[in-house]
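Undergrad: Provided below: protein.cif, containing mmCIF, C-alpha atoms.
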```
data_start
#
loop_
_atom_site.group_PDB
_atom_site.id
_atom_site.type_symbol
_atom_site.label_atom_id
_atom_site.label_comp_id
_atom_site.auth_asym_id
_atom_site.auth_seq_id
_atom_site.Cartn_x
_atom_site.Cartn_y
_atom_site.Cartn_z
ATOM 1 C CA MET A 854 -13.335 23.230 -9.997
ATOM 2 C CA PRO A 855 -11.827 20.448 -7.856
ATOM 3 C CA TYR A 856 -8.199 20.484 -6.759
ATOM 4 C CA PRO A 857 -5.554 21.851 -9.163
ATOM 5 C CA TRP A 858 -4.073 18.464 -9.993
ATOM 6 C CA LEU A 859 -7.521 17.349 -11.174
ATOM 7 C CA GLU A 860 -7.928 20.139 -13.748
ATOM 8 C CA GLN A 861 -6.672 18.017 -16.624
ATOM 9 C CA ALA A 862 -8.898 15.106 -15.593
ATOM 10 C CA CYS A 863 -11.904 17.454 -15.624
ATOM 11 C CA ALA A 864 -10.954 18.781 -19.053
ATOM 12 C CA ASP A 865 -10.586 15.235 -20.402
ATOM 13 C CA LEU A 866 -13.966 14.222 -18.997
ATOM 14 C CA ASP A 867 -15.604 17.300 -20.523
ATOM 15 C CA VAL A 868 -14.210 16.351 -23.953
ATOM 16 C CA ARG A 869 -15.548 12.813 -23.535
ATOM 17 C CA ILE A 870 -18.988 14.148 -22.637
ATOM 18 C CA ARG A 871 -19.071 16.546 -25.570
ATOM 19 C CA ASN A 872 -17.911 13.846 -28.004
ATOM 20 C CA GLY A 873 -20.263 11.194 -26.635
ATOM 21 C CA ARG A 874 -17.359 9.021 -25.480
ATOM 22 C CA LEU A 875 -18.054 8.908 -21.756
ATOM 23 C CA GLY A 876 -19.162 5.432 -20.806
ATOM 24 C CA HIS A 877 -22.377 5.006 -18.875
ATOM 25 C CA ALA A 878 -20.414 3.666 -15.865
ATOM 26 C CA PRO A 879 -17.105 5.515 -15.303
ATOM 27 C CA LEU A 880 -14.944 3.974 -12.570
ATOM 28 C CA ILE A 881 -12.677 6.552 -10.896
ATOM 29 C CA HIS A 882 -9.949 4.769 -8.975
ATOM 30 C CA GLY A 883 -6.576 5.420 -7.401
ATOM 31 C CA PRO A 884 -4.790 5.741 -4.040
ATOM 32 C CA ALA A 885 -6.338 7.504 -1.074
ATOM 33 C CA GLY A 886 -5.901 11.243 -0.784
ATOM 34 C CA LEU A 887 -6.121 12.236 -4.453
ATOM 35 C CA GLY A 888 -9.650 13.664 -4.506
ATOM 36 C CA LYS A 889 -11.494 10.838 -6.279
ATOM 37 C CA ARG A 890 -14.752 11.702 -4.533
ATOM 38 C CA SER A 891 -14.322 15.368 -5.452
ATOM 39 C CA LEU A 892 -13.803 14.465 -9.106
ATOM 40 C CA ALA A 893 -16.852 12.183 -9.037
ATOM 41 C CA GLY A 894 -18.945 15.006 -7.588
ATOM 42 C CA TRP A 895 -17.723 17.363 -10.291
ATOM 43 C CA LEU A 896 -18.599 14.807 -12.976
ATOM 44 C CA ALA A 897 -22.106 14.362 -11.531
ATOM 45 C CA ARG A 898 -22.639 18.139 -11.582
ATOM 46 C CA ARG A 899 -21.309 18.364 -15.141
ATOM 47 C CA LEU A 900 -23.624 15.610 -16.375
ATOM 48 C CA LEU A 901 -26.682 17.132 -14.726
ATOM 49 C CA CYS A 902 -25.942 20.795 -15.517
ATOM 50 C CA LEU A 903 -28.495 22.290 -17.909
ATOM 51 C CA GLN A 904 -26.160 24.886 -19.398
ATOM 52 C CA ALA A 905 -22.522 23.908 -18.891
ATOM 53 C CA ASP A 906 -20.249 26.938 -19.173
ATOM 54 C CA GLY A 907 -17.220 25.906 -21.205
ATOM 55 C CA GLU A 908 -15.680 22.959 -19.391
ATOM 56 C CA GLN A 909 -17.501 23.610 -16.108
ATOM 57 C CA PRO A 910 -20.964 23.171 -14.626
ATOM 58 C CA CYS A 911 -22.512 26.635 -14.743
ATOM 59 C CA GLY A 912 -23.404 26.761 -11.054
ATOM 60 C CA ASN A 913 -26.487 28.882 -11.749
ATOM 61 C CA CYS A 914 -29.064 26.708 -13.506
ATOM 62 C CA ARG A 915 -31.893 24.968 -11.679
ATOM 63 C CA SER A 916 -30.007 21.687 -11.658
ATOM 64 C CA CYS A 917 -26.830 23.196 -10.193
ATOM 65 C CA GLU A 918 -28.840 25.007 -7.528
ATOM 66 C CA LEU A 919 -30.594 21.795 -6.507
ATOM 67 C CA ILE A 920 -27.285 19.939 -6.249
ATOM 68 C CA ALA A 921 -25.831 22.748 -4.126
ATOM 69 C CA GLY A 922 -28.830 22.470 -1.833
ATOM 70 C CA GLY A 923 -28.525 18.687 -1.611
ATOM 71 C CA SER A 924 -31.990 18.104 -3.039
ATOM 72 C CA HIS A 925 -31.570 17.179 -6.700
ATOM 73 C CA PRO A 926 -34.242 14.561 -7.510
ATOM 74 C CA ASP A 927 -32.142 12.955 -10.266
ATOM 75 C CA LEU A 928 -28.926 12.497 -8.251
ATOM 76 C CA PHE A 929 -28.789 9.355 -6.136
ATOM 77 C CA GLN A 930 -25.833 8.707 -3.841
ATOM 78 C CA ILE A 931 -25.246 5.487 -1.923
ATOM 79 C CA GLU A 932 -23.051 5.532 1.193
ATOM 80 C CA ILE A 933 -22.162 2.866 3.747
ATOM 81 C CA PRO A 934 -24.846 2.960 6.475
ATOM 82 C CA GLU A 935 -23.553 4.034 9.890
ATOM 83 C CA ASP A 936 -24.512 0.691 11.441
ATOM 84 C CA ARG A 937 -22.950 -1.417 8.666
ATOM 85 C CA GLN A 938 -19.472 -2.157 7.348
ATOM 86 C CA GLY A 939 -20.510 -2.373 3.712
ATOM 87 C CA ILE A 940 -23.173 -1.695 1.096
ATOM 88 C CA GLY A 941 -25.907 -4.309 0.891
ATOM 89 C CA VAL A 942 -28.111 -5.525 -1.902
ATOM 90 C CA ASP A 943 -31.200 -3.562 -0.792
ATOM 91 C CA ALA A 944 -29.408 -0.225 -1.215
ATOM 92 C CA ILE A 945 -28.250 -1.187 -4.710
ATOM 93 C CA ARG A 946 -31.724 -2.371 -5.717
ATOM 94 C CA GLU A 947 -33.174 0.943 -4.581
ATOM 95 C CA LEU A 948 -30.530 2.792 -6.602
ATOM 96 C CA ILE A 949 -31.362 0.732 -9.697
ATOM 97 C CA GLU A 950 -35.077 1.470 -9.317
ATOM 98 C CA ARG A 951 -34.432 5.196 -9.055
ATOM 99 C CA LEU A 952 -32.228 5.219 -12.134
ATOM 100 C CA GLN A 953 -35.100 3.654 -14.082
ATOM 101 C CA LEU A 954 -37.419 6.581 -13.289
ATOM 102 C CA THR A 955 -38.064 9.440 -15.686
ATOM 103 C CA ALA A 956 -35.773 12.386 -15.044
ATOM 104 C CA SER A 957 -37.431 15.270 -13.186
ATOM 105 C CA VAL A 958 -35.202 18.254 -14.011
ATOM 106 C CA GLY A 959 -33.153 17.562 -17.142
ATOM 107 C CA PRO A 960 -32.528 14.667 -19.510
ATOM 108 C CA SER A 961 -30.134 12.755 -17.214
ATOM 109 C CA ARG A 962 -30.094 10.804 -13.967
ATOM 110 C CA VAL A 963 -26.887 10.058 -12.087
ATOM 111 C CA GLY A 964 -26.128 7.408 -9.499
ATOM 112 C CA LEU A 965 -23.023 7.930 -7.368
ATOM 113 C CA LEU A 966 -21.172 5.172 -5.502
ATOM 114 C CA PRO A 967 -18.285 6.894 -3.661
ATOM 115 C CA GLU A 968 -17.226 3.603 -1.988
ATOM 116 C CA ALA A 969 -17.977 1.067 -4.677
ATOM 117 C CA ASP A 970 -15.551 -1.529 -3.316
ATOM 118 C CA ALA A 971 -17.658 -1.690 -0.126
ATOM 119 C CA MET A 972 -20.442 -3.568 -1.950
ATOM 120 C CA ASN A 973 -20.953 -7.122 -0.790
ATOM 121 C CA ARG A 974 -21.231 -9.928 -3.330
ATOM 122 C CA ASN A 975 -25.019 -9.826 -3.598
ATOM 123 C CA ALA A 976 -24.973 -6.057 -4.069
ATOM 124 C CA ALA A 977 -22.369 -6.326 -6.824
ATOM 125 C CA ASN A 978 -24.381 -9.030 -8.563
ATOM 126 C CA ALA A 979 -27.499 -6.863 -8.411
ATOM 127 C CA LEU A 980 -25.580 -3.969 -9.961
ATOM 128 C CA LEU A 981 -24.230 -6.112 -12.780
ATOM 129 C CA LYS A 982 -27.502 -6.269 -14.719
ATOM 130 C CA THR A 983 -27.781 -2.471 -14.723
ATOM 131 C CA LEU A 984 -24.226 -2.220 -16.033
ATOM 132 C CA GLU A 985 -25.047 -4.698 -18.799
ATOM 133 C CA GLU A 986 -28.327 -2.998 -19.761
ATOM 134 C CA PRO A 987 -28.104 0.685 -18.719
ATOM 135 C CA ALA A 988 -31.263 2.791 -18.827
ATOM 136 C CA PRO A 989 -31.213 5.587 -21.435
ATOM 137 C CA GLY A 990 -29.911 8.849 -19.991
ATOM 138 C CA ALA A 991 -28.693 7.161 -16.790
ATOM 139 C CA TRP A 992 -25.105 7.382 -15.570
ATOM 140 C CA LEU A 993 -23.518 5.420 -12.764
ATOM 141 C CA ILE A 994 -20.291 6.848 -11.324
ATOM 142 C CA LEU A 995 -18.237 4.430 -9.242
ATOM 143 C CA VAL A 996 -15.307 5.433 -7.021
ATOM 144 C CA SER A 997 -12.832 2.950 -5.630
ATOM 145 C CA GLU A 998 -9.582 2.992 -3.700
ATOM 146 C CA ARG A 999 -9.201 -0.764 -4.268
ATOM 147 C CA PRO A 1000 -10.613 -1.598 -7.703
ATOM 148 C CA ASP A 1001 -9.173 -5.099 -7.443
ATOM 149 C CA ALA A 1002 -11.718 -5.694 -4.661
ATOM 150 C CA LEU A 1003 -14.514 -5.282 -7.210
ATOM 151 C CA PRO A 1004 -15.576 -8.359 -9.179
ATOM 152 C CA ALA A 1005 -13.944 -8.616 -12.590
ATOM 153 C CA THR A 1006 -17.406 -8.633 -14.154
ATOM 154 C CA ILE A 1007 -18.058 -5.179 -12.675
ATOM 155 C CA ARG A 1008 -14.696 -3.736 -13.698
ATOM 156 C CA SER A 1009 -14.977 -5.010 -17.251
ATOM 157 C CA ARG A 1010 -18.256 -3.154 -17.770
ATOM 158 C CA CYS A 1011 -16.955 0.170 -16.475
ATOM 159 C CA GLN A 1012 -14.898 2.821 -18.222
ATOM 160 C CA GLN A 1013 -11.635 2.936 -16.284
ATOM 161 C CA LEU A 1014 -10.563 6.409 -15.119
ATOM 162 C CA PRO A 1015 -7.380 5.995 -13.051
ATOM 163 C CA LEU A 1016 -6.022 8.852 -10.942
ATOM 164 C CA ARG A 1017 -2.316 9.069 -10.174
ATOM 165 C CA VAL A 1018 -0.349 11.179 -7.724
ATOM 166 C CA PRO A 1019 0.387 14.686 -9.029
ATOM 167 C CA PRO A 1020 3.892 15.969 -9.800
ATOM 168 C CA ALA A 1021 5.864 16.549 -6.592
ATOM 169 C CA SER A 1022 6.206 20.285 -7.278
ATOM 170 C CA LEU A 1023 2.436 20.747 -7.625
ATOM 171 C CA ALA A 1024 1.682 18.725 -4.484
ATOM 172 C CA THR A 1025 4.375 20.572 -2.516
ATOM 173 C CA ASP A 1026 3.129 24.019 -3.551
ATOM 174 C CA TRP A 1027 -0.491 23.153 -2.785
ATOM 175 C CA LEU A 1028 0.345 21.713 0.632
ATOM 176 C CA ALA A 1029 2.376 24.818 1.496
ATOM 177 C CA THR A 1030 -0.747 26.951 0.996
ATOM 178 C CA GLU A 1031 -2.897 24.528 2.997
ATOM 179 C CA ALA A 1032 -0.519 24.100 5.936
ATOM 180 C CA PRO A 1033 1.649 27.248 6.065
ATOM 181 C CA GLU A 1034 2.168 26.868 9.806
ATOM 182 C CA GLU A 1035 4.015 23.581 9.308
ATOM 183 C CA SER A 1036 7.730 23.439 8.527
ATOM 184 C CA GLU A 1037 8.853 22.476 5.052
ATOM 185 C CA ALA A 1038 10.442 19.331 6.503
ATOM 186 C CA ARG A 1039 7.179 18.194 8.092
ATOM 187 C CA ARG A 1040 5.186 18.888 4.930
ATOM 188 C CA SER A 1041 7.747 16.921 2.928
ATOM 189 C CA ALA A 1042 7.556 14.067 5.446
ATOM 190 C CA ALA A 1043 3.759 13.938 5.213
ATOM 191 C CA LEU A 1044 3.887 13.808 1.413
ATOM 192 C CA THR A 1045 6.543 11.100 1.478
ATOM 193 C CA LEU A 1046 4.655 8.957 3.964
ATOM 194 C CA THR A 1047 1.384 9.220 2.029
ATOM 195 C CA GLY A 1048 2.979 8.344 -1.281
ATOM 196 C CA GLY A 1049 2.637 11.883 -2.634
ATOM 197 C CA ALA A 1050 -1.136 12.154 -2.060
ATOM 198 C CA PRO A 1051 -1.795 15.831 -1.182
ATOM 199 C CA LEU A 1052 -5.112 15.425 0.633
ATOM 200 C CA ALA A 1053 -3.824 12.544 2.745
ATOM 201 C CA ALA A 1054 -0.724 14.587 3.600
ATOM 202 C CA ARG A 1055 -2.846 17.581 4.600
ATOM 203 C CA ASP A 1056 -5.017 15.427 6.850
ATOM 204 C CA MET A 1057 -1.961 13.761 8.388
ATOM 205 C CA LEU A 1058 -0.655 17.166 9.428
ATOM 206 C CA ALA A 1059 -4.035 18.527 10.531
ATOM 207 C CA ASP A 1060 -5.148 15.638 12.745
ATOM 208 C CA GLY A 1061 -1.814 14.987 14.444
ATOM 209 C CA GLY A 1062 -1.228 11.796 12.512
ATOM 210 C CA LEU A 1063 2.362 12.682 11.695
ATOM 211 C CA ASP A 1064 3.162 13.216 15.375
ATOM 212 C CA THR A 1065 1.604 9.850 16.167
ATOM 213 C CA GLY A 1066 3.710 8.196 13.497
ATOM 214 C CA LEU A 1067 6.922 9.854 14.698
ATOM 215 C CA GLN A 1068 6.188 8.709 18.248
ATOM 216 C CA MET A 1069 5.822 5.155 16.966
ATOM 217 C CA LEU A 1070 9.130 5.481 15.151
ATOM 218 C CA GLU A 1071 10.747 6.403 18.470
ATOM 219 C CA ASP A 1072 9.032 3.364 19.996
ATOM 220 C CA LEU A 1073 10.678 1.212 17.334
ATOM 221 C CA ALA A 1074 14.028 2.744 18.241
ATOM 222 C CA GLY A 1075 13.641 1.138 21.666
ATOM 223 C CA ARG A 1076 12.888 4.241 23.706
ATOM 224 C CA GLY A 1077 10.297 2.991 26.164
ATOM 225 C CA GLU A 1078 8.965 0.010 28.064
ATOM 226 C CA SER A 1079 7.251 -2.618 25.947
ATOM 227 C CA ALA A 1080 4.090 -2.603 28.071
ATOM 228 C CA THR A 1081 3.791 1.189 27.723
ATOM 229 C CA ILE A 1082 4.388 0.996 23.988
ATOM 230 C CA ILE A 1083 1.744 -1.702 23.477
ATOM 231 C CA GLU A 1084 -0.772 0.235 25.551
ATOM 232 C CA ARG A 1085 -0.152 3.332 23.436
ATOM 233 C CA TRP A 1086 -0.525 1.401 20.169
ATOM 234 C CA GLN A 1087 -3.790 -0.138 21.380
ATOM 235 C CA ALA A 1088 -5.422 3.281 21.631
ATOM 236 C CA ASP A 1089 -6.049 3.224 17.858
ATOM 237 C CA PRO A 1090 -5.157 -0.217 16.488
ATOM 238 C CA LYS A 1091 -6.017 0.473 12.846
ATOM 239 C CA SER A 1092 -3.865 3.592 12.758
ATOM 240 C CA SER A 1093 -1.023 1.910 14.654
ATOM 241 C CA TRP A 1094 -0.878 -1.052 12.287
ATOM 242 C CA GLN A 1095 -0.950 1.311 9.322
ATOM 243 C CA TRP A 1096 1.975 3.247 10.756
ATOM 244 C CA LEU A 1097 3.938 0.073 11.421
ATOM 245 C CA ALA A 1098 3.410 -0.968 7.808
ATOM 246 C CA ARG A 1099 4.485 2.495 6.623
ATOM 247 C CA TRP A 1100 7.686 2.428 8.650
ATOM 248 C CA MET A 1101 8.565 -1.061 7.461
ATOM 249 C CA ALA A 1102 8.094 0.153 3.873
ATOM 250 C CA VAL A 1103 10.338 3.165 4.560
ATOM 251 C CA LEU A 1104 13.014 0.924 6.063
ATOM 252 C CA MET A 1105 12.849 -1.444 3.095
ATOM 253 C CA SER A 1106 13.277 1.456 0.718
ATOM 254 C CA ASP A 1107 16.089 2.924 2.799
ATOM 255 C CA ALA A 1108 17.889 -0.421 3.026
ATOM 256 C CA SER A 1109 17.753 -0.780 -0.758
ATOM 257 C CA GLY A 1110 19.286 2.669 -1.208
ATOM 258 C CA ALA A 1111 16.349 3.792 -3.325
ATOM 259 C CA GLN A 1112 15.253 6.674 -1.118
ATOM 260 C CA GLY A 1113 17.684 7.668 1.607
ATOM 261 C CA TRP A 1114 14.886 9.611 3.331
ATOM 262 C CA GLN A 1115 15.032 10.685 6.975
ATOM 263 C CA PRO A 1116 12.101 11.858 9.121
ATOM 264 C CA PRO A 1117 11.929 15.476 10.374
ATOM 265 C CA ASP A 1118 12.562 16.927 13.825
ATOM 266 C CA GLY A 1119 15.957 15.248 14.238
ATOM 267 C CA ILE A 1120 14.432 11.764 14.520
ATOM 268 C CA ARG A 1121 16.509 8.982 12.989
ATOM 269 C CA LEU A 1122 15.401 5.754 11.416
ATOM 270 C CA PRO A 1123 16.290 2.698 13.513
ATOM 271 C CA PRO A 1124 18.747 0.199 12.032
ATOM 272 C CA PRO A 1125 16.812 -2.149 9.744
ATOM 273 C CA PRO A 1126 16.711 -5.932 10.269
ATOM 274 C CA GLN A 1127 17.469 -8.254 7.376
ATOM 275 C CA ARG A 1128 15.275 -7.624 4.345
ATOM 276 C CA ARG A 1129 13.449 -10.942 4.652
ATOM 277 C CA THR A 1130 12.495 -10.064 8.224
ATOM 278 C CA LEU A 1131 11.422 -6.566 7.177
ATOM 279 C CA VAL A 1132 9.128 -7.974 4.524
ATOM 280 C CA ARG A 1133 7.597 -10.389 7.025
ATOM 281 C CA LEU A 1134 7.042 -7.626 9.597
ATOM 282 C CA TRP A 1135 5.484 -5.428 6.905
ATOM 283 C CA GLN A 1136 3.118 -8.242 5.884
ATOM 284 C CA GLU A 1137 2.214 -8.924 9.521
ATOM 285 C CA ALA A 1138 1.426 -5.225 10.034
ATOM 286 C CA LEU A 1139 -0.897 -5.258 7.025
ATOM 287 C CA SER A 1140 -2.543 -8.403 8.371
ATOM 288 C CA GLY A 1141 -2.864 -6.798 11.803
ATOM 289 C CA ARG A 1142 -4.700 -3.843 10.309
ATOM 290 C CA ARG A 1143 -7.141 -6.186 8.563
ATOM 291 C CA GLU A 1144 -7.741 -7.932 11.884
ATOM 292 C CA ALA A 1145 -8.324 -4.563 13.569
ATOM 293 C CA VAL A 1146 -10.863 -3.612 10.898
ATOM 294 C CA ARG A 1147 -12.644 -6.907 11.541
ATOM 295 C CA GLY A 1148 -12.844 -6.027 15.231
ATOM 296 C CA VAL A 1149 -10.484 -8.624 16.692
ATOM 297 C CA VAL A 1150 -10.328 -7.680 20.366
ATOM 298 C CA ARG A 1151 -6.982 -9.073 21.574
ATOM 299 C CA GLN A 1152 -4.911 -6.442 19.844
ATOM 300 C CA ASP A 1153 -2.552 -6.415 22.810
ATOM 301 C CA LEU A 1154 -1.456 -9.954 21.996
ATOM 302 C CA LEU A 1155 -0.977 -9.156 18.314
ATOM 303 C CA PHE A 1156 1.012 -6.003 19.057
ATOM 304 C CA GLY A 1157 3.057 -7.802 21.714
ATOM 305 C CA ARG A 1158 4.001 -10.605 19.348
ATOM 306 C CA TRP A 1159 4.902 -8.159 16.575
ATOM 307 C CA LEU A 1160 7.011 -6.010 18.918
ATOM 308 C CA LEU A 1161 8.899 -9.049 20.249
ATOM 309 C CA GLU A 1162 9.718 -10.109 16.724
ATOM 310 C CA TRP A 1163 10.871 -6.592 15.854
ATOM 311 C CA GLN A 1164 13.072 -6.357 18.961
ATOM 312 C CA ALA A 1165 14.600 -9.778 18.354
ATOM 313 C CA ALA A 1166 15.483 -8.760 14.811
ATOM 314 C CA GLN A 1167 17.270 -5.546 15.790
ATOM 315 C CA PRO A 1168 20.984 -5.787 14.943
ATOM 316 C CA SER A 1169 22.013 -4.287 18.296
ATOM 317 C CA ARG A 1170 20.125 -6.991 20.163
ATOM 318 C CA ASN A 1171 21.681 -9.942 18.350
#
```
Could you write out this file's structure as structure tokens?
TA:
Amino acid sequence: MPYPWLEQACADLDVRIRNGRLGHAPLIHGPAGLGKRSLAGWLARRLLCLQADGEQPCGNCRSCELIAGGSHPDLFQIEIPEDRQGIGVDAIRELIERLQLTASVGPSRVGLLPEADAMNRNAANALLKTLEEPAPGAWLILVSERPDALPATIRSRCQQLPLRVPPASLATDWLATEAPEESEARRSAALTLTGGAPLAARDMLADGGLDTGLQMLEDLAGRGESATIIERWQADPKSSWQWLARWMAVLMSDASGAQGWQPPDGIRLPPPPQRRTLVRLWQEALSGRREAVRGVVRQDLLFGRWLLEWQAAQPSRN
């Protein structure tokens, strides 16, 4: 069974399978850190299981054993190649060809696209025909963090399965068992900063991401030389831009009185600039992250310009 907040989603999918109401191309989508890939894996196992036990894959049949060993001949998973930034048309064509083959173990074949929004245009177009004319007994499970990045023609031919953040109490209890060494305040901060996504919060605590973000918040409070700050941010541009966008969002929420949240460890939020400036800085941080993903090399100039604008907008400096 996947994570506890996915139990109802699994039960609903099982009912759809039993009643013949699961579409041939389910699209599991939602924010990062909710376990979409885990749910997709569970669904693949459930579809291929030869003797499902109640709502669950049995775990003991030949099909389940092959999946556990990573060698099921009727399960085809497409990932982004290590030397590429997306999924190309050749990979999708190979997937389509495999789904057309006769099943080797049971009656079903399953294709799994854990990063469906990484398909380029030609790959998406190649997939479209399969979605329009699915092979009998073939299932295609798509997973997306940004479904709007998929062509409308793809989305319209999929069965939408949205995932939403779990209730705060469930996420809080689960995170407490996963990170018992962390203080309640730090766990709460991680959940707040990830929008309530438990897996993202766990990873933020485990990999030191929260400490990085809190250091950047102190940078924004003006505690340090600009050159030192920019050098520190350049160490991981994508992460730094993401944190800047997060903090601008927190400040916008705080300025509106909607949240009133404060970070842990005695750190205070800096005074926010005017809302219009906050929105612009937030948008520029999002744009900076896109540029970092694209590999733009002069991140020092982008960070320097953003920091100057932030400093000029600080109430204490005007």
Undergrad: List the neighbours of range 991-1006 of chain A out to 8 Å using only C-alpha atoms; skip same-chain residues closer than 3 positions along the sequence, and give me the result as an NGL selection string.
TA: :A and (877-885 or 889-890 or 893 or 897 or 952-953 or 961-970 or 977 or 981 or 987-988 or 1009-1010)
Undergrad: Could you tell me how far CA of Arg1008 in chain A sits from CA of Ala1054 in chain A, in Å to one decimal place?
TA: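 Separation of CA of Ala1054 in chain A and CA of Arg1008 in chain A: 28.8 Å.
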Undergrad: What's the 6 Å shell around range 1035-1038 of chain A, counting all atoms listed in the file, without same-chain residues fewer than 3 positions away, as JSON, numbers by chain?
TA: {"A": [1032, 1041, 1117]}
Undergrad: Could you list, as a count of residues only, every residue within 10 Å of Leu1044 in chain A, counting all atoms listed in the file and ignoring same-chain residues fewer than 4 positions away?
TA: 17
Undergrad: Provide an axis-aligned box for all listed atoms of range 1134-1149 of chain A, padding each side by 5 Å; report its centre and its edge lengths in Å to one decimal, as AutoDock Vina command-line options.
TA:
```
--center_x -2.9 --center_y -6.3 --center_z 11.3 --size_x 29.9 --size_y 15.3 --size_z 20.8
```
Undergrad: Could you check how far CA of Leu1104 in chain A sits from CA of Thr1130 in chain A, in Å to one decimal?
TA: 11.2 Å
Undergrad: With all atoms listed in the file counted and 12 Å as the cut-off, give the residues of range 937-1046 of chain A in contact with range 1067-1079 of chain A, each with its shortest interatomic distance in Å and the pair that gives it, as a tab-separated table.
TA:
```
residue	atom	partner	partner_atom	distance
A:Arg1039	CA	A:Leu1067	CA	10.6
A:Ala1042	CA	A:Leu1067	CA	10.2
A:Ala1043	CA	A:Leu1067	CA	10.8
A:Leu1046	CA	A:Leu1067	CA	11.0
```
Undergrad: Given all atoms listed in the file as the basis, pick out the residue of A:Gln1013, A:Gln938, A:Ser924, A:Gln904 nearest to Gly1148 in chain A.
TA: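 Closest candidate: A:Gln938.
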Undergrad: Expressed in Å to a single decimal, how great is the separation between CA of Trp1096 in chain A and CA of Pro1116 in chain A?
TA: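 Between these atoms lies a distance of 13.4 Å.
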Undergrad: Of the candidates A:Met972, A:Leu875, A:Ala1059, A:Val942, which one gets nearest to Cys1011 in chain A if we count only C-alpha atoms?
TA: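 Going through A:Met972, A:Leu875, A:Ala1059, A:Val942 one by one, the smallest distance to Cys1011 in chain A is for A:Leu875.
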Undergrad: Which residues match the PyMOL selection byres ((chain A and resi 862) around 12) in the file above, as a PyMOL selection string?
TA: chain A and resi 854-861+863-869+881+887-889+891-893+895-896+908+1014-1017+1019
Undergrad: Write the residues you've just listed into a file as an mmCIF file, in the frame of the given file, and include C-alpha atoms for each of them.
TA:
```cif
data_model
loop_
_atom_site.group_PDB
_atom_site.id
_atom_site.type_symbol
_atom_site.label_atom_id
_atom_site.label_comp_id
_atom_site.auth_asym_id
_atom_site.auth_seq_id
_atom_site.Cartn_x
_atom_site.Cartn_y
_atom_site.Cartn_z
ATOM 1 C CA MET A 854 -13.335 23.230 -9.997
ATOM 2 C CA PRO A 855 -11.827 20.448 -7.856
ATOM 3 C CA TYR A 856 -8.199 20.484 -6.759
ATOM 4 C CA PRO A 857 -5.554 21.851 -9.163
ATOM 5 C CA TRP A 858 -4.073 18.464 -9.993
ATOM 6 C CA LEU A 859 -7.521 17.349 -11.174
ATOM 7 C CA GLU A 860 -7.928 20.139 -13.748
ATOM 8 C CA GLN A 861 -6.672 18.017 -16.624
ATOM 9 C CA CYS A 863 -11.904 17.454 -15.624
ATOM 10 C CA ALA A 864 -10.954 18.781 -19.053
ATOM 11 C CA ASP A 865 -10.586 15.235 -20.402
ATOM 12 C CA LEU A 866 -13.966 14.222 -18.997
ATOM 13 C CA ASP A 867 -15.604 17.300 -20.523
ATOM 14 C CA VAL A 868 -14.210 16.351 -23.953
ATOM 15 C CA ARG A 869 -15.548 12.813 -23.535
ATOM 16 C CA ILE A 881 -12.677 6.552 -10.896
ATOM 17 C CA LEU A 887 -6.121 12.236 -4.453
ATOM 18 C CA GLY A 888 -9.650 13.664 -4.506
ATOM 19 C CA LYS A 889 -11.494 10.838 -6.279
ATOM 20 C CA SER A 891 -14.322 15.368 -5.452
ATOM 21 C CA LEU A 892 -13.803 14.465 -9.106
ATOM 22 C CA ALA A 893 -16.852 12.183 -9.037
ATOM 23 C CA TRP A 895 -17.723 17.363 -10.291
ATOM 24 C CA LEU A 896 -18.599 14.807 -12.976
ATOM 25 C CA GLU A 908 -15.680 22.959 -19.391
ATOM 26 C CA LEU A 1014 -10.563 6.409 -15.119
ATOM 27 C CA PRO A 1015 -7.380 5.995 -13.051
ATOM 28 C CA LEU A 1016 -6.022 8.852 -10.942
ATOM 29 C CA ARG A 1017 -2.316 9.069 -10.174
ATOM 30 C CA PRO A 1019 0.387 14.686 -9.029
#
```
